[in-house]
file my_file_25.cif (mmCIF, N, CA and C atoms)
data_protein
#
loop_
_atom_site.label_atom_id
_atom_site.label_comp_id
_atom_site.auth_asym_id
_atom_site.auth_seq_id
_atom_site.Cartn_x
_atom_site.Cartn_y
_atom_site.Cartn_z
N MET L 1 64.66 77.32 78.77
CA MET L 1 66.03 77.01 79.16
C MET L 1 66.37 77.80 80.42
N PRO L 2 66.70 77.13 81.51
CA PRO L 2 67.01 77.84 82.76
C PRO L 2 68.33 78.59 82.65
N ILE L 3 68.43 79.64 83.42
CA ILE L 3 69.64 80.45 83.45
C ILE L 3 70.65 79.77 84.37
N GLU L 4 71.89 79.65 83.90
CA GLU L 4 72.92 78.96 84.67
C GLU L 4 73.68 79.93 85.56
N ILE L 5 74.02 79.47 86.76
CA ILE L 5 74.82 80.27 87.68
C ILE L 5 76.21 80.43 87.09
N GLY L 6 76.71 81.66 87.10
CA GLY L 6 78.02 81.96 86.54
C GLY L 6 77.96 82.51 85.12
N SER L 7 76.78 82.41 84.48
CA SER L 7 76.66 82.91 83.12
C SER L 7 76.47 84.42 83.12
N GLU L 8 76.84 85.04 82.02
CA GLU L 8 76.68 86.48 81.86
C GLU L 8 75.61 86.72 80.80
N ILE L 9 74.60 87.50 81.17
CA ILE L 9 73.49 87.78 80.27
C ILE L 9 73.11 89.25 80.33
N GLU L 10 72.34 89.69 79.34
CA GLU L 10 71.86 91.06 79.32
C GLU L 10 70.45 91.11 79.87
N GLY L 11 70.15 92.21 80.53
CA GLY L 11 68.83 92.41 81.08
C GLY L 11 68.49 93.89 81.10
N LYS L 12 67.22 94.17 81.35
CA LYS L 12 66.73 95.55 81.36
C LYS L 12 66.39 95.95 82.80
N VAL L 13 66.89 97.09 83.23
CA VAL L 13 66.61 97.59 84.58
C VAL L 13 65.15 98.03 84.64
N THR L 14 64.39 97.41 85.55
CA THR L 14 62.97 97.72 85.67
C THR L 14 62.64 98.55 86.90
N GLY L 15 63.55 98.57 87.86
CA GLY L 15 63.30 99.34 89.07
C GLY L 15 64.56 99.57 89.86
N ILE L 16 64.54 100.67 90.63
CA ILE L 16 65.69 101.00 91.46
C ILE L 16 65.19 101.23 92.88
N ALA L 17 65.91 100.66 93.84
CA ALA L 17 65.60 100.84 95.26
C ALA L 17 66.88 101.27 95.98
N ASN L 18 66.76 101.62 97.25
CA ASN L 18 67.93 102.03 98.03
C ASN L 18 68.96 100.92 98.13
N PHE L 19 68.51 99.67 98.08
CA PHE L 19 69.41 98.52 98.28
C PHE L 19 69.89 97.88 96.99
N GLY L 20 69.44 98.36 95.83
CA GLY L 20 69.89 97.77 94.57
C GLY L 20 68.97 98.06 93.41
N ALA L 21 69.09 97.25 92.37
CA ALA L 21 68.31 97.44 91.16
C ALA L 21 67.69 96.12 90.73
N PHE L 22 66.44 96.20 90.24
CA PHE L 22 65.74 95.02 89.74
C PHE L 22 65.95 94.95 88.24
N VAL L 23 66.25 93.75 87.76
CA VAL L 23 66.57 93.54 86.35
C VAL L 23 65.68 92.46 85.78
N GLU L 24 65.10 92.75 84.61
CA GLU L 24 64.29 91.76 83.90
C GLU L 24 65.22 90.97 82.99
N LEU L 25 65.21 89.67 83.16
CA LEU L 25 66.07 88.78 82.39
C LEU L 25 65.26 88.08 81.30
N PRO L 26 65.91 87.38 80.39
CA PRO L 26 65.18 86.64 79.35
C PRO L 26 64.20 85.63 79.94
N GLU L 27 63.18 85.30 79.19
CA GLU L 27 62.16 84.31 79.54
C GLU L 27 61.35 84.71 80.77
N GLY L 28 61.20 86.01 81.03
CA GLY L 28 60.36 86.47 82.12
C GLY L 28 60.95 86.34 83.50
N ASN L 29 62.19 85.97 83.62
CA ASN L 29 62.84 85.87 84.93
C ASN L 29 63.26 87.26 85.40
N VAL L 30 63.41 87.40 86.70
CA VAL L 30 63.85 88.67 87.27
C VAL L 30 65.01 88.42 88.22
N GLY L 31 65.76 89.48 88.49
CA GLY L 31 66.88 89.37 89.40
C GLY L 31 67.14 90.68 90.10
N LEU L 32 67.95 90.61 91.13
CA LEU L 32 68.32 91.79 91.90
C LEU L 32 69.83 91.94 91.89
N VAL L 33 70.28 93.16 91.54
CA VAL L 33 71.68 93.51 91.67
C VAL L 33 71.78 94.29 92.97
N HIS L 34 72.36 93.68 94.00
CA HIS L 34 72.50 94.35 95.29
C HIS L 34 73.44 95.54 95.13
N ILE L 35 73.25 96.56 95.95
CA ILE L 35 74.06 97.77 95.87
C ILE L 35 75.55 97.48 95.96
N SER L 36 75.92 96.43 96.69
CA SER L 36 77.33 96.08 96.84
C SER L 36 77.90 95.44 95.57
N GLN L 37 77.03 95.04 94.64
CA GLN L 37 77.47 94.39 93.41
C GLN L 37 77.35 95.29 92.18
N ILE L 38 77.16 96.60 92.39
CA ILE L 38 76.97 97.51 91.25
C ILE L 38 78.31 97.99 90.70
N ALA L 39 79.23 98.35 91.58
CA ALA L 39 80.52 98.88 91.13
C ALA L 39 81.61 98.45 92.09
N ASP L 40 82.86 98.56 91.63
CA ASP L 40 84.01 98.22 92.47
C ASP L 40 84.22 99.26 93.56
N THR L 41 83.69 100.46 93.38
CA THR L 41 83.81 101.51 94.38
C THR L 41 82.59 101.48 95.29
N TYR L 42 82.64 102.23 96.40
CA TYR L 42 81.53 102.30 97.34
C TYR L 42 80.37 103.06 96.69
N VAL L 43 79.20 102.46 96.69
CA VAL L 43 78.02 103.05 96.06
C VAL L 43 77.06 103.52 97.14
N THR L 44 76.72 104.81 97.11
CA THR L 44 75.74 105.34 98.06
C THR L 44 74.38 105.55 97.40
N ASP L 45 74.39 105.82 96.08
CA ASP L 45 73.15 106.07 95.36
C ASP L 45 73.16 105.25 94.08
N VAL L 46 72.28 104.28 94.01
CA VAL L 46 72.23 103.38 92.85
C VAL L 46 71.92 104.15 91.57
N SER L 47 71.05 105.16 91.67
CA SER L 47 70.62 105.89 90.47
C SER L 47 71.75 106.71 89.84
N LYS L 48 72.87 106.88 90.53
CA LYS L 48 74.01 107.57 89.93
C LYS L 48 74.77 106.65 88.97
N HIS L 49 74.54 105.35 89.08
CA HIS L 49 75.27 104.38 88.27
C HIS L 49 74.41 103.80 87.15
N ILE L 50 73.13 103.54 87.43
CA ILE L 50 72.24 102.97 86.41
C ILE L 50 70.87 103.63 86.52
N LYS L 51 70.12 103.60 85.42
CA LYS L 51 68.79 104.20 85.36
C LYS L 51 67.78 103.14 84.93
N VAL L 52 66.52 103.37 85.25
CA VAL L 52 65.45 102.49 84.81
C VAL L 52 65.40 102.53 83.29
N GLY L 53 65.33 101.35 82.67
CA GLY L 53 65.31 101.25 81.22
C GLY L 53 66.66 100.92 80.60
N ASP L 54 67.74 101.06 81.36
CA ASP L 54 69.07 100.73 80.86
C ASP L 54 69.16 99.23 80.56
N ILE L 55 69.85 98.89 79.48
CA ILE L 55 70.16 97.50 79.18
C ILE L 55 71.58 97.26 79.71
N ILE L 56 71.70 96.33 80.65
CA ILE L 56 72.99 96.09 81.28
C ILE L 56 73.36 94.61 81.17
N LYS L 57 74.65 94.36 81.24
CA LYS L 57 75.14 92.98 81.26
C LYS L 57 75.42 92.62 82.70
N VAL L 58 74.90 91.46 83.14
CA VAL L 58 75.03 91.02 84.53
C VAL L 58 75.55 89.60 84.58
N LYS L 59 76.15 89.27 85.70
CA LYS L 59 76.60 87.90 85.95
C LYS L 59 75.67 87.29 86.98
N VAL L 60 75.24 86.06 86.75
CA VAL L 60 74.33 85.36 87.66
C VAL L 60 75.16 84.75 88.78
N LEU L 61 74.88 85.20 90.03
CA LEU L 61 75.63 84.70 91.19
C LEU L 61 74.93 83.52 91.85
N GLY L 62 73.61 83.50 91.78
CA GLY L 62 72.87 82.42 92.43
C GLY L 62 71.38 82.63 92.25
N THR L 63 70.61 81.72 92.84
CA THR L 63 69.16 81.83 92.77
C THR L 63 68.61 82.12 94.17
N ALA L 64 67.61 83.00 94.22
CA ALA L 64 66.94 83.30 95.48
C ALA L 64 65.71 82.40 95.59
N LYS L 65 64.88 82.40 94.58
CA LYS L 65 63.69 81.55 94.48
C LYS L 65 63.58 81.12 93.03
N GLU L 66 62.60 80.31 92.74
CA GLU L 66 62.40 79.86 91.36
C GLU L 66 62.13 81.08 90.48
N GLY L 67 62.97 81.30 89.49
CA GLY L 67 62.79 82.42 88.56
C GLY L 67 63.32 83.74 89.07
N LYS L 68 63.96 83.76 90.25
CA LYS L 68 64.53 84.99 90.80
C LYS L 68 66.01 84.75 91.08
N TYR L 69 66.84 85.70 90.64
CA TYR L 69 68.28 85.50 90.67
C TYR L 69 69.01 86.62 91.39
N ASP L 70 70.16 86.27 91.97
CA ASP L 70 71.09 87.24 92.53
C ASP L 70 72.09 87.57 91.43
N LEU L 71 72.26 88.87 91.16
CA LEU L 71 73.07 89.30 90.03
C LEU L 71 74.19 90.23 90.45
N SER L 72 75.18 90.39 89.56
CA SER L 72 76.28 91.30 89.81
C SER L 72 76.67 92.01 88.51
N ILE L 73 76.93 93.30 88.62
CA ILE L 73 77.45 94.05 87.48
C ILE L 73 78.97 94.09 87.55
N LYS L 74 79.50 94.25 88.77
CA LYS L 74 80.95 94.43 88.91
C LYS L 74 81.75 93.17 88.63
N GLN L 75 81.12 92.00 88.62
CA GLN L 75 81.86 90.77 88.35
C GLN L 75 81.80 90.34 86.89
N VAL L 76 81.14 91.13 86.06
CA VAL L 76 81.05 90.80 84.63
C VAL L 76 82.45 90.87 84.02
N GLY L 77 82.82 89.83 83.31
CA GLY L 77 84.10 89.79 82.62
C GLY L 77 85.26 89.31 83.47
N LYS L 78 85.05 89.10 84.76
CA LYS L 78 86.12 88.62 85.63
C LYS L 78 86.00 87.11 85.80
N PRO L 79 87.11 86.39 85.67
CA PRO L 79 87.06 84.95 85.95
C PRO L 79 86.81 84.71 87.43
N SER L 80 86.29 83.56 87.77
CA SER L 80 85.91 83.27 89.16
C SER L 80 87.10 83.32 90.11
N TRP L 81 88.29 82.97 89.66
CA TRP L 81 89.46 82.98 90.54
C TRP L 81 89.91 84.39 90.85
N GLN L 82 89.49 85.37 90.04
CA GLN L 82 89.94 86.74 90.21
C GLN L 82 89.00 87.54 91.12
N GLN L 83 87.85 87.00 91.42
CA GLN L 83 86.87 87.71 92.24
C GLN L 83 87.34 87.74 93.68
N LYS L 84 87.11 88.88 94.32
CA LYS L 84 87.50 89.02 95.72
C LYS L 84 86.52 88.24 96.58
N ARG L 85 87.06 87.54 97.55
CA ARG L 85 86.23 86.75 98.46
C ARG L 85 86.10 87.51 99.76
N ARG L 86 84.87 87.67 100.23
CA ARG L 86 84.65 88.35 101.50
C ARG L 86 85.05 87.44 102.65
N LYS L 87 85.57 88.05 103.70
CA LYS L 87 85.92 87.28 104.89
C LYS L 87 84.64 87.02 105.67
N THR L 88 84.48 85.78 106.07
CA THR L 88 83.31 85.40 106.85
C THR L 88 83.69 85.26 108.31
N ARG L 89 82.72 85.05 109.14
CA ARG L 89 82.97 84.87 110.57
C ARG L 89 83.85 83.64 110.79
N GLU L 90 83.67 82.61 109.97
CA GLU L 90 84.47 81.40 110.12
C GLU L 90 85.94 81.67 109.81
N ASP L 91 86.21 82.58 108.85
CA ASP L 91 87.59 82.91 108.52
C ASP L 91 88.29 83.58 109.70
N LYS L 92 87.56 84.39 110.46
CA LYS L 92 88.15 85.09 111.59
C LYS L 92 88.52 84.13 112.70
N ASP L 93 87.77 83.02 112.84
CA ASP L 93 88.04 82.05 113.88
C ASP L 93 89.20 81.13 113.55
N ARG L 94 89.56 81.04 112.30
CA ARG L 94 90.64 80.15 111.89
C ARG L 94 91.99 80.70 112.36
N PRO L 95 92.86 79.83 112.80
CA PRO L 95 94.17 80.31 113.21
C PRO L 95 94.98 80.75 111.99
N SER L 96 95.86 81.70 112.22
CA SER L 96 96.71 82.14 111.12
C SER L 96 97.73 81.06 110.82
N PRO L 97 98.17 80.99 109.57
CA PRO L 97 99.13 79.94 109.22
C PRO L 97 100.45 80.15 109.95
N GLY L 98 101.07 79.07 110.31
CA GLY L 98 102.35 79.12 111.01
C GLY L 98 102.81 77.71 111.30
N SER L 99 103.88 77.62 112.06
CA SER L 99 104.41 76.30 112.39
C SER L 99 103.52 75.63 113.43
N PHE L 100 103.70 74.35 113.60
CA PHE L 100 102.93 73.58 114.57
C PHE L 100 103.17 74.10 115.98
N GLU L 101 104.42 74.44 116.27
CA GLU L 101 104.76 74.95 117.59
C GLU L 101 104.05 76.26 117.88
N ASP L 102 103.97 77.14 116.87
CA ASP L 102 103.27 78.42 117.04
C ASP L 102 101.78 78.19 117.34
N LYS L 103 101.20 77.25 116.64
CA LYS L 103 99.78 76.95 116.84
C LYS L 103 99.53 76.39 118.24
N ILE L 104 100.41 75.49 118.70
CA ILE L 104 100.26 74.91 120.04
C ILE L 104 100.41 76.00 121.09
N THR L 105 101.41 76.87 120.92
CA THR L 105 101.63 77.97 121.87
C THR L 105 100.40 78.88 121.94
N GLN L 106 99.85 79.20 120.79
CA GLN L 106 98.66 80.05 120.74
C GLN L 106 97.47 79.35 121.40
N PHE L 107 97.31 78.07 121.16
CA PHE L 107 96.22 77.31 121.76
C PHE L 107 96.34 77.29 123.29
N LEU L 108 97.54 77.02 123.79
CA LEU L 108 97.76 76.97 125.24
C LEU L 108 97.50 78.33 125.88
N LYS L 109 97.91 79.39 125.24
CA LYS L 109 97.69 80.73 125.77
C LYS L 109 96.19 81.02 125.86
N GLN L 110 95.46 80.72 124.79
CA GLN L 110 94.01 80.95 124.79
C GLN L 110 93.32 80.08 125.83
N SER L 111 93.77 78.84 125.98
CA SER L 111 93.17 77.94 126.97
C SER L 111 93.39 78.47 128.38
N GLU L 112 94.59 78.93 128.67
CA GLU L 112 94.87 79.47 130.00
C GLU L 112 94.04 80.71 130.29
N GLU L 113 93.88 81.57 129.28
CA GLU L 113 93.07 82.78 129.46
C GLU L 113 91.60 82.42 129.74
N LYS L 114 91.08 81.48 129.00
CA LYS L 114 89.69 81.06 129.20
C LYS L 114 89.50 80.42 130.56
N LEU L 115 90.45 79.61 130.99
CA LEU L 115 90.37 78.95 132.30
C LEU L 115 90.42 79.99 133.43
N ALA L 116 91.30 80.99 133.29
CA ALA L 116 91.40 82.05 134.30
C ALA L 116 90.09 82.84 134.37
N ASP L 117 89.51 83.17 133.20
CA ASP L 117 88.22 83.87 133.18
C ASP L 117 87.14 83.04 133.85
N TRP L 118 87.13 81.77 133.56
CA TRP L 118 86.12 80.87 134.12
C TRP L 118 86.25 80.81 135.65
N LYS L 119 87.50 80.69 136.14
CA LYS L 119 87.73 80.63 137.59
C LYS L 119 87.30 81.93 138.26
N ARG L 120 87.63 83.08 137.66
CA ARG L 120 87.22 84.37 138.22
C ARG L 120 85.70 84.48 138.29
N ASN L 121 85.04 84.01 137.26
CA ASN L 121 83.57 84.04 137.20
C ASN L 121 82.98 83.18 138.31
N ILE L 122 83.50 81.99 138.48
CA ILE L 122 83.01 81.08 139.53
C ILE L 122 83.25 81.68 140.91
N GLU L 123 84.44 82.23 141.14
CA GLU L 123 84.77 82.82 142.44
C GLU L 123 83.85 84.00 142.76
N SER L 124 83.57 84.82 141.77
CA SER L 124 82.70 85.97 142.02
C SER L 124 81.28 85.51 142.35
N LYS L 125 80.82 84.45 141.75
CA LYS L 125 79.49 83.92 142.05
C LYS L 125 79.46 83.31 143.44
N GLN L 126 80.53 82.62 143.83
CA GLN L 126 80.58 81.99 145.15
C GLN L 126 80.69 83.04 146.25
N SER L 127 81.47 84.08 146.03
CA SER L 127 81.62 85.12 147.06
C SER L 127 80.31 85.89 147.21
N GLY L 128 79.54 86.01 146.17
CA GLY L 128 78.25 86.67 146.24
C GLY L 128 77.27 85.88 147.06
N ARG L 129 77.33 84.57 147.03
CA ARG L 129 76.44 83.71 147.81
C ARG L 129 76.75 83.79 149.29
N LYS L 130 78.05 83.87 149.62
CA LYS L 130 78.45 83.94 151.02
C LYS L 130 77.94 85.21 151.68
N ARG L 131 77.96 86.30 150.94
CA ARG L 131 77.49 87.56 151.47
C ARG L 131 76.00 87.50 151.79
N LYS L 132 75.25 86.84 150.96
CA LYS L 132 73.80 86.76 151.16
C LYS L 132 73.46 85.94 152.39
N VAL L 133 74.25 84.92 152.69
CA VAL L 133 73.99 84.03 153.81
C VAL L 133 74.20 84.77 155.12
N LYS L 134 75.23 85.58 155.23
CA LYS L 134 75.55 86.29 156.48
C LYS L 134 74.55 87.29 156.82
#

call {"tool": "encode", "arguments": {"input": "my_file_25.cif", "output": "C-alpha cells"}}
result
Amino acid sequence: MPIEIGSEIEGKVTGIANFGAFVELPEGNVGLVHISQIADTYVTDVSKHIKVGDIIKVKVLGTAKEGKYDLSIKQVGKPSWQQKRRKTREDKDRPSPGSFEDKITQFLKQSEEKLADWKRNIESKQSGRKRKVK
C-alpha cells in the first residue's frame, strides 16, 4: 500500500545529517525531514531535537523518488489551511491588492522608470562609440 501525501505516520530515525534527519517508514520506504521542517523555531542542530532510534510521527509532504518521501515533524496535527505558506519569487512580483486606479498608476510609474533606464543605457552606448571614432 503506497503512502499518501498528507498522511501522518510513525517512523524510526535512522540517521542525522546537518541538513535534516532520515526516517525509516513502513514497508521499507525512507524519507527525509529537512532541518526547516523539524520545529517551529529556528533549528541549528538537528541532534538537539531528535536522536537516532527515536520513533517519531511525521507528515508526508511529497515524494522525491519512488519510495523516498519529503517529511515534516512541525506540520503534524495541523490542518492544511493552518500551515504557513512560504513566499515565493512569484509572490514578490505580484502587485499588492488595491484599486484599479492604484494598479494603473503603479504600472505607469514602473514603465516610465524602465523607459528612462533604457534610454540612458542607449545614450551611454552611443556616446561611447562616438569617442572611439574621433

call {"tool": "closest_residue", "arguments": {"input": "my_file_25.cif", "among": "L:Ile38, L:Ile104, L:Val52, L:Leu61", "to": "Ile73 of chain L", "atoms": "only N, CA and C atoms"}}
result
L:Ile38

call {"tool": "atom_distance", "arguments": {"input": "my_file_25.cif", "atom1": "atom CA of Ala39 of chain L", "atom2": "atom N of Pro2 of chain L"}}
result
27.5 Å

call {"tool": "residues_near_point", "arguments": {"input": "my_file_25.cif", "point": "(78.9, 83.7, 85.6)", "cutoff": "9 Å", "atoms": "only C-alpha atoms", "output": "ChimeraX atom specification"}}
result
/L:4-9,58-61,75-80

call {"tool": "resolve_selection", "arguments": {"input": "my_file_25.cif", "expression": "the PyMOL selection byres ((chain L and resi 23) around 5)", "output": "VMD selection string"}}
result
chain L and resid 12 to 14 21 to 22 24 to 25 30 to 32

call {"tool": "atom_distance", "arguments": {"input": "my_file_25.cif", "atom1": "atom N of Gly28 of chain L", "atom2": "atom N of Tyr69 of chain L"}}
result
11.1 Å

call {"tool": "atom_distance", "arguments": {"input": "my_file_25.cif", "atom1": "atom CA of Ile55 of chain L", "atom2": "atom C of Gly11 of chain L"}}
result
4.4 Å

call {"tool": "residues_around", "arguments": {"input": "my_file_25.cif", "residues": "Asp45 of chain L", "least_positions_apart": "2", "cutoff": "8 Å", "atoms": "only N, CA and C atoms", "output": "PDB file with N, CA and C atoms, keeping the file's coordinate frame"}}
result
ATOM      1  N   ALA L  17      65.910 100.660  93.840  1.00  0.00           N
ATOM      2  CA  ALA L  17      65.600 100.840  95.260  1.00  0.00           C
ATOM      3  C   ALA L  17      66.880 101.270  95.980  1.00  0.00           C
ATOM      4  N   ASN L  18      66.760 101.620  97.250  1.00  0.00           N
ATOM      5  CA  ASN L  18      67.930 102.030  98.030  1.00  0.00           C
ATOM      6  C   ASN L  18      68.960 100.920  98.130  1.00  0.00           C
ATOM      7  N   ILE L  35      73.250  96.560  95.950  1.00  0.00           N
ATOM      8  CA  ILE L  35      74.060  97.770  95.870  1.00  0.00           C
ATOM      9  C   ILE L  35      75.550  97.480  95.960  1.00  0.00           C
ATOM     10  N   TYR L  42      82.640 102.230  96.400  1.00  0.00           N
ATOM     11  CA  TYR L  42      81.530 102.300  97.340  1.00  0.00           C
ATOM     12  C   TYR L  42      80.370 103.060  96.690  1.00  0.00           C
ATOM     13  N   VAL L  43      79.200 102.460  96.690  1.00  0.00           N
ATOM     14  CA  VAL L  43      78.020 103.050  96.060  1.00  0.00           C
ATOM     15  C   VAL L  43      77.060 103.520  97.140  1.00  0.00           C
ATOM     16  N   SER L  47      71.050 105.160  91.670  1.00  0.00           N
ATOM     17  CA  SER L  47      70.620 105.890  90.470  1.00  0.00           C
ATOM     18  C   SER L  47      71.750 106.710  89.840  1.00  0.00           C
ATOM     19  N   LYS L  48      72.870 106.880  90.530  1.00  0.00           N
ATOM     20  CA  LYS L  48      74.010 107.570  89.930  1.00  0.00           C
ATOM     21  C   LYS L  48      74.770 106.650  88.970  1.00  0.00           C
ATOM     22  N   HIS L  49      74.540 105.350  89.080  1.00  0.00           N
ATOM     23  CA  HIS L  49      75.270 104.380  88.270  1.00  0.00           C
ATOM     24  C   HIS L  49      74.410 103.800  87.150  1.00  0.00           C
ATOM     25  N   ILE L  50      73.130 103.540  87.430  1.00  0.00           N
ATOM     26  CA  ILE L  50      72.240 102.970  86.410  1.00  0.00           C
ATOM     27  C   ILE L  50      70.870 103.630  86.520  1.00  0.00           C
TER      28      ILE L  50
END

call {"tool": "closest_residue", "arguments": {"input": "my_file_25.cif", "among": "L:Lys51, L:Lys125, L:Lys74, L:Lys57", "to": "Ser36 of chain L", "atoms": "all atoms listed in the file"}}
result
L:Lys74

call {"tool": "residues_around", "arguments": {"input": "my_file_25.cif", "residues": "Gly20 of chain L", "least_positions_apart": "4", "cutoff": "6 Å", "atoms": "only N, CA and C atoms", "output": "ChimeraX atom specification"}}
result
/L:15-16,33-35

call {"tool": "closest_residue", "arguments": {"input": "my_file_25.cif", "among": "L:Thr44, L:Gln37, L:Ser127, L:Thr105", "to": "Leu71 of chain L", "atoms": "only C-alpha atoms"}}
result
L:Gln37

call {"tool": "axis_aligned_box", "arguments": {"input": "my_file_25.cif", "around": "segment 7-21 of chain L", "padding_each_side": "5 Å", "output": "JSON"}}
result
{"center_x": 69.7, "center_y": 92.2, "center_z": 88.8, "size_x": 24.2, "size_y": 29.6, "size_z": 29.0}

call {"tool": "decode", "arguments": {"input": "my_file_25.cif", "residues": "segment 7-27 of chain L", "atoms": "N, CA and C atoms", "output": "PDB file, in the first residue's frame"}}
result
ATOM      1  N   SER L   7      -0.703  12.294   4.634  1.00  0.00           N
ATOM      2  CA  SER L   7      -0.973  11.385   5.738  1.00  0.00           C
ATOM      3  C   SER L   7       0.077  11.533   6.832  1.00  0.00           C
ATOM      4  N   GLU L   8      -0.299  11.176   8.040  1.00  0.00           N
ATOM      5  CA  GLU L   8       0.612  11.220   9.173  1.00  0.00           C
ATOM      6  C   GLU L   8       0.909   9.790   9.599  1.00  0.00           C
ATOM      7  N   ILE L   9       2.196   9.458   9.659  1.00  0.00           N
ATOM      8  CA  ILE L   9       2.616   8.102  10.008  1.00  0.00           C
ATOM      9  C   ILE L   9       3.795   8.151  10.971  1.00  0.00           C
ATOM     10  N   GLU L  10       4.055   7.016  11.610  1.00  0.00           N
ATOM     11  CA  GLU L  10       5.195   6.919  12.507  1.00  0.00           C
ATOM     12  C   GLU L  10       6.363   6.289  11.780  1.00  0.00           C
ATOM     13  N   GLY L  11       7.552   6.724  12.152  1.00  0.00           N
ATOM     14  CA  GLY L  11       8.758   6.181  11.564  1.00  0.00           C
ATOM     15  C   GLY L  11       9.890   6.228  12.568  1.00  0.00           C
ATOM     16  N   LYS L  12      10.977   5.536  12.227  1.00  0.00           N
ATOM     17  CA  LYS L  12      12.129   5.454  13.112  1.00  0.00           C
ATOM     18  C   LYS L  12      13.287   6.249  12.503  1.00  0.00           C
ATOM     19  N   VAL L  13      13.901   7.110  13.293  1.00  0.00           N
ATOM     20  CA  VAL L  13      15.032   7.911  12.833  1.00  0.00           C
ATOM     21  C   VAL L  13      16.230   6.986  12.654  1.00  0.00           C
ATOM     22  N   THR L  14      16.761   6.942  11.422  1.00  0.00           N
ATOM     23  CA  THR L  14      17.889   6.055  11.127  1.00  0.00           C
ATOM     24  C   THR L  14      19.200   6.808  10.960  1.00  0.00           C
ATOM     25  N   GLY L  15      19.125   8.103  10.739  1.00  0.00           N
ATOM     26  CA  GLY L  15      20.342   8.883  10.566  1.00  0.00           C
ATOM     27  C   GLY L  15      20.087  10.362  10.711  1.00  0.00           C
ATOM     28  N   ILE L  16      21.148  11.066  11.109  1.00  0.00           N
ATOM     29  CA  ILE L  16      21.049  12.515  11.271  1.00  0.00           C
ATOM     30  C   ILE L  16      22.187  13.153  10.488  1.00  0.00           C
ATOM     31  N   ALA L  17      21.860  14.209   9.757  1.00  0.00           N
ATOM     32  CA  ALA L  17      22.846  14.973   8.996  1.00  0.00           C
ATOM     33  C   ALA L  17      22.677  16.451   9.341  1.00  0.00           C
ATOM     34  N   ASN L  18      23.585  17.286   8.847  1.00  0.00           N
ATOM     35  CA  ASN L  18      23.494  18.725   9.111  1.00  0.00           C
ATOM     36  C   ASN L  18      22.217  19.324   8.549  1.00  0.00           C
ATOM     37  N   PHE L  19      21.691  18.732   7.473  1.00  0.00           N
ATOM     38  CA  PHE L  19      20.531  19.296   6.778  1.00  0.00           C
ATOM     39  C   PHE L  19      19.205  18.652   7.168  1.00  0.00           C
ATOM     40  N   GLY L  20      19.214  17.640   8.038  1.00  0.00           N
ATOM     41  CA  GLY L  20      17.965  17.011   8.439  1.00  0.00           C
ATOM     42  C   GLY L  20      18.157  15.624   9.012  1.00  0.00           C
ATOM     43  N   ALA L  21      17.065  14.861   9.015  1.00  0.00           N
ATOM     44  CA  ALA L  21      17.084  13.519   9.582  1.00  0.00           C
ATOM     45  C   ALA L  21      16.437  12.538   8.615  1.00  0.00           C
ATOM     46  N   PHE L  22      17.026  11.332   8.540  1.00  0.00           N
ATOM     47  CA  PHE L  22      16.481  10.276   7.697  1.00  0.00           C
ATOM     48  C   PHE L  22      15.575   9.402   8.555  1.00  0.00           C
ATOM     49  N   VAL L  23      14.412   9.069   8.004  1.00  0.00           N
ATOM     50  CA  VAL L  23      13.405   8.313   8.742  1.00  0.00           C
ATOM     51  C   VAL L  23      13.004   7.091   7.941  1.00  0.00           C
ATOM     52  N   GLU L  24      12.983   5.942   8.628  1.00  0.00           N
ATOM     53  CA  GLU L  24      12.519   4.694   8.008  1.00  0.00           C
ATOM     54  C   GLU L  24      11.015   4.603   8.224  1.00  0.00           C
ATOM     55  N   LEU L  25      10.296   4.472   7.131  1.00  0.00           N
ATOM     56  CA  LEU L  25       8.839   4.404   7.163  1.00  0.00           C
ATOM     57  C   LEU L  25       8.378   2.959   6.973  1.00  0.00           C
ATOM     58  N   PRO L  26       7.098   2.684   7.164  1.00  0.00           N
ATOM     59  CA  PRO L  26       6.592   1.320   6.949  1.00  0.00           C
ATOM     60  C   PRO L  26       6.850   0.829   5.527  1.00  0.00           C
ATOM     61  N   GLU L  27       6.915  -0.465   5.364  1.00  0.00           N
ATOM     62  CA  GLU L  27       7.101  -1.150   4.083  1.00  0.00           C
ATOM     63  C   GLU L  27       8.442  -0.830   3.427  1.00  0.00           C
TER      64      GLU L  27
END
